[in-house]
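Below you'll find the structure, written out as structure tokens, and then a few comments.
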Amino acid sequence: MTRRLAQVAKKVGVSEATVSRVLNGKPGVSEATRQSVLTALDVLGYERPTQLRGERARLVGLVLPELQNPIFPAFAEVIGGALAQQGLTPVLCTQTKGGVSEADYVELLLQQQVSGVIFAGGLFAQADAPHEHYRLLAQRRIPVVLMNAAIEGLDFPSVACDDAVATEQSWRHLVSLGHERIGLVLGPSDHIPSRRRLRAAAEAAGGFPADALVQRSMFSLEGGQAAASRLLDAGATGIVCASDPLALGAVRAARRRGLRVPEDVSVVGYDDSAFMTCTEPPLTTVRQPIEAMGRAAVELLAHQIQGSDVPHSELLFEPELVVRASTAQAAGLRAATAPGGADLVAGA
């Protein structure tokens with residue numbers, strides 16, 4: 001008990017006597033200090049006294065599917081800062097292959113009496129994945145915000161970048177450069193954002209792309225390389241990818257074949273995550289408004305925690321195409337517009 005008092009007092013920056021007063025429900029402690037002591041108990045893994053267990057902690061679960069994609073650490077930074085401004089402490093829950101599952105994390109967060117949960121990507125975006133843990137949160141009336149397009153039937157507010165607009169921007173950019181065989185690297189077939197992207201590509205192209213020009217992949221550099229290799233086999237000269245790591249994999253696939261980016265193959269990513277200006281070539285990509293989306297998610301969660309009603313609908317944010325050096329005019333168009341190119345075409 002003495003060790004626990006000392007650790008909590010040190011973390012909060014108060015005396016052990018103050019911690020003792022909070023734990024024993026005695027007066028003489030401000031509400032702010034009281035909440036800080038209770039939060040410190042939760043963070044340090046100590047159980048609250050029985051009389052205090054009915055209160056929710058000032059903790060918020062932040063559940064991420066991974067940290068290898070730079071977009072997720074970027075979201076975590078924005079969300080963590082915005083939560084701190086609301087007097088809330090983020091509990092980062094990152095999934096790893098063979099590690100703790102999303103459902104297991106939810107169970108742990110419920111045990112910690114969290115005030116709410118933000119899912120920045122996750123199984124809610126996959127139609128064929130298990131979703132019982134989301135329904136458990138709804139039954140417990142835990143405030144939740146989803147960041148990404150979600151399956152139907154999950155009654156939570158969500159924040160997402162407009163995947164359809166992002167795909168349309170990428171597709172029209174490549175068409176404007178003279179590309180006619182444009183391939184897509186998307187996530188699994190049950191992935192809701194990928195379904196939206198495929199529909200948007202069909203609308204932009206006036207019909208669904210040929211099967212060979214639509215490749216599915218896990219969201220990794222290696223997956224992007226494998227998918228892009230199949231697109232190159234199908235004759236694609238422009239490739240639209242559903243994430244920046246997928247796009248970097250596509251660049252690698254082209255180079256492994258001795259092709260140049262963008263002279264032979266143009267590649268467009270998605271996210272505009274960290275260091276995309278430092279790749280070779282710098283990546284043309286579609287930027288998500290990370291700051292605005294992260295702050296909106298925290299605001300929606302904070303309103304729920306405070307007992308306010310918020311619309312259980314999707315808040316869509318507009319993406320922005322950022323043109324860099326991984327896209328260029330299609331090789332055939334460059335040849336036609338080069339000096340003497342018209343004679344070459346006419347004589348073909």
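Note on naming: chains are A, B, ... as they come in the structure tokens, residues start from 1 per chain, ligands start from 1 in the order shown.
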Strand (DSSP E or B) per DSSP on the backbone: members of segment 280-310 of chain A, as number ranges by chain
A: 284-287
Which residues of segment 168-243 of chain A have any atom within 8 Å of an atom in segment 267-281 of chain A when counting only C-alpha atoms, and what is the closest pair of atoms for each, with the distance in Å to one decimal? Order the rows by chain and rising number and write it as JSON lines.
{"residue": "A:Ser170", "atom": "CA", "partner": "A:Val268", "partner_atom": "CA", "distance": 6.7}
{"residue": "A:Gly238", "atom": "CA", "partner": "A:Val267", "partner_atom": "CA", "distance": 5.9}
{"residue": "A:Ile239", "atom": "CA", "partner": "A:Val267", "partner_atom": "CA", "distance": 4.9}
{"residue": "A:Val240", "atom": "CA", "partner": "A:Val268", "partner_atom": "CA", "distance": 4.9}
{"residue": "A:Cys241", "atom": "CA", "partner": "A:Gly269", "partner_atom": "CA", "distance": 5.0}
{"residue": "A:Ala242", "atom": "CA", "partner": "A:Tyr270", "partner_atom": "CA", "distance": 5.6}
{"residue": "A:Ser243", "atom": "CA", "partner": "A:Tyr270", "partner_atom": "CA", "distance": 4.4}
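The protein and nucleic acid residues lying at most 10 Å from Ser20 of chain A are Met1, Thr2, Leu5, Val8, Ala9, Ser15, Gly25, Lys26 and Val37 of chain A, with only C-alpha atoms considered and sequence neighbours fewer than 5 positions away removed.
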Could the residues in this selection be written to a file with N, CA, C and O atoms, as a PDB file, in the first residue's frame?
ATOM      1  N   MET A   1       0.829  -1.202   0.000  1.00  0.00           N
ATOM      2  CA  MET A   1       0.000   0.000   0.000  1.00  0.00           C
ATOM      3  C   MET A   1       0.868   1.258   0.000  1.00  0.00           C
ATOM      4  O   MET A   1       0.623   2.200  -0.747  1.00  0.00           O
ATOM      5  N   THR A   2       1.929   1.252   0.857  1.00  0.00           N
ATOM      6  CA  THR A   2       2.820   2.411   0.924  1.00  0.00           C
ATOM      7  C   THR A   2       3.501   2.645  -0.408  1.00  0.00           C
ATOM      8  O   THR A   2       3.652   3.785  -0.862  1.00  0.00           O
ATOM      9  N   LEU A   5       1.034   4.225  -2.821  1.00  0.00           N
ATOM     10  CA  LEU A   5       0.851   5.639  -2.524  1.00  0.00           C
ATOM     11  C   LEU A   5       2.011   6.467  -3.062  1.00  0.00           C
ATOM     12  O   LEU A   5       1.820   7.529  -3.664  1.00  0.00           O
ATOM     13  N   VAL A   8       1.941   6.665  -7.029  1.00  0.00           N
ATOM     14  CA  VAL A   8       0.870   7.532  -7.524  1.00  0.00           C
ATOM     15  C   VAL A   8       1.183   8.992  -7.201  1.00  0.00           C
ATOM     16  O   VAL A   8       1.018   9.886  -8.046  1.00  0.00           O
ATOM     17  N   ALA A   9       1.667   9.243  -5.976  1.00  0.00           N
ATOM     18  CA  ALA A   9       2.005  10.616  -5.586  1.00  0.00           C
ATOM     19  C   ALA A   9       3.081  11.195  -6.485  1.00  0.00           C
ATOM     20  O   ALA A   9       3.010  12.360  -6.902  1.00  0.00           O
ATOM     21  N   SER A  15       1.417  15.034  -2.583  1.00  0.00           N
ATOM     22  CA  SER A  15       1.898  14.287  -1.423  1.00  0.00           C
ATOM     23  C   SER A  15       1.164  12.952  -1.295  1.00  0.00           C
ATOM     24  O   SER A  15       0.058  12.768  -1.830  1.00  0.00           O
ATOM     25  N   GLY A  25     -11.792   8.697   0.084  1.00  0.00           N
ATOM     26  CA  GLY A  25     -12.983   9.510  -0.095  1.00  0.00           C
ATOM     27  C   GLY A  25     -13.115  10.650   0.880  1.00  0.00           C
ATOM     28  O   GLY A  25     -14.229  11.105   1.183  1.00  0.00           O
ATOM     29  N   LYS A  26     -11.995  11.174   1.373  1.00  0.00           N
ATOM     30  CA  LYS A  26     -12.039  12.263   2.351  1.00  0.00           C
ATOM     31  C   LYS A  26     -12.026  13.622   1.655  1.00  0.00           C
ATOM     32  O   LYS A  26     -11.506  13.755   0.545  1.00  0.00           O
ATOM     33  N   VAL A  37      -5.355  11.783  -9.647  1.00  0.00           N
ATOM     34  CA  VAL A  37      -4.964  10.621  -8.843  1.00  0.00           C
ATOM     35  C   VAL A  37      -5.629   9.354  -9.372  1.00  0.00           C
ATOM     36  O   VAL A  37      -4.987   8.298  -9.513  1.00  0.00           O
TER      37      VAL A  37
END
A:Arg324, A:Leu64, A:Thr33, A:Glu16: which is nearest Val100 of chain A, counting only C-alpha atoms?
A:Leu64
Using only C-alpha atoms: which of A:Val63, A:Ala84, A:Gly224, A:Gly121 has the shortest distance to Leu109 of chain A
A:Val63
Using only C-alpha atoms, find the one residue out of A:Pro27, A:Pro209, A:Pro90, A:Pro289 that sits nearest to Glu77 of chain A.
A:Pro90
Hey, what's within 10 Å of segment 204-208 of chain A if we count only C-alpha atoms and toss same-chain stuff fewer than 6 positions away? As a count of residues only, please?
12
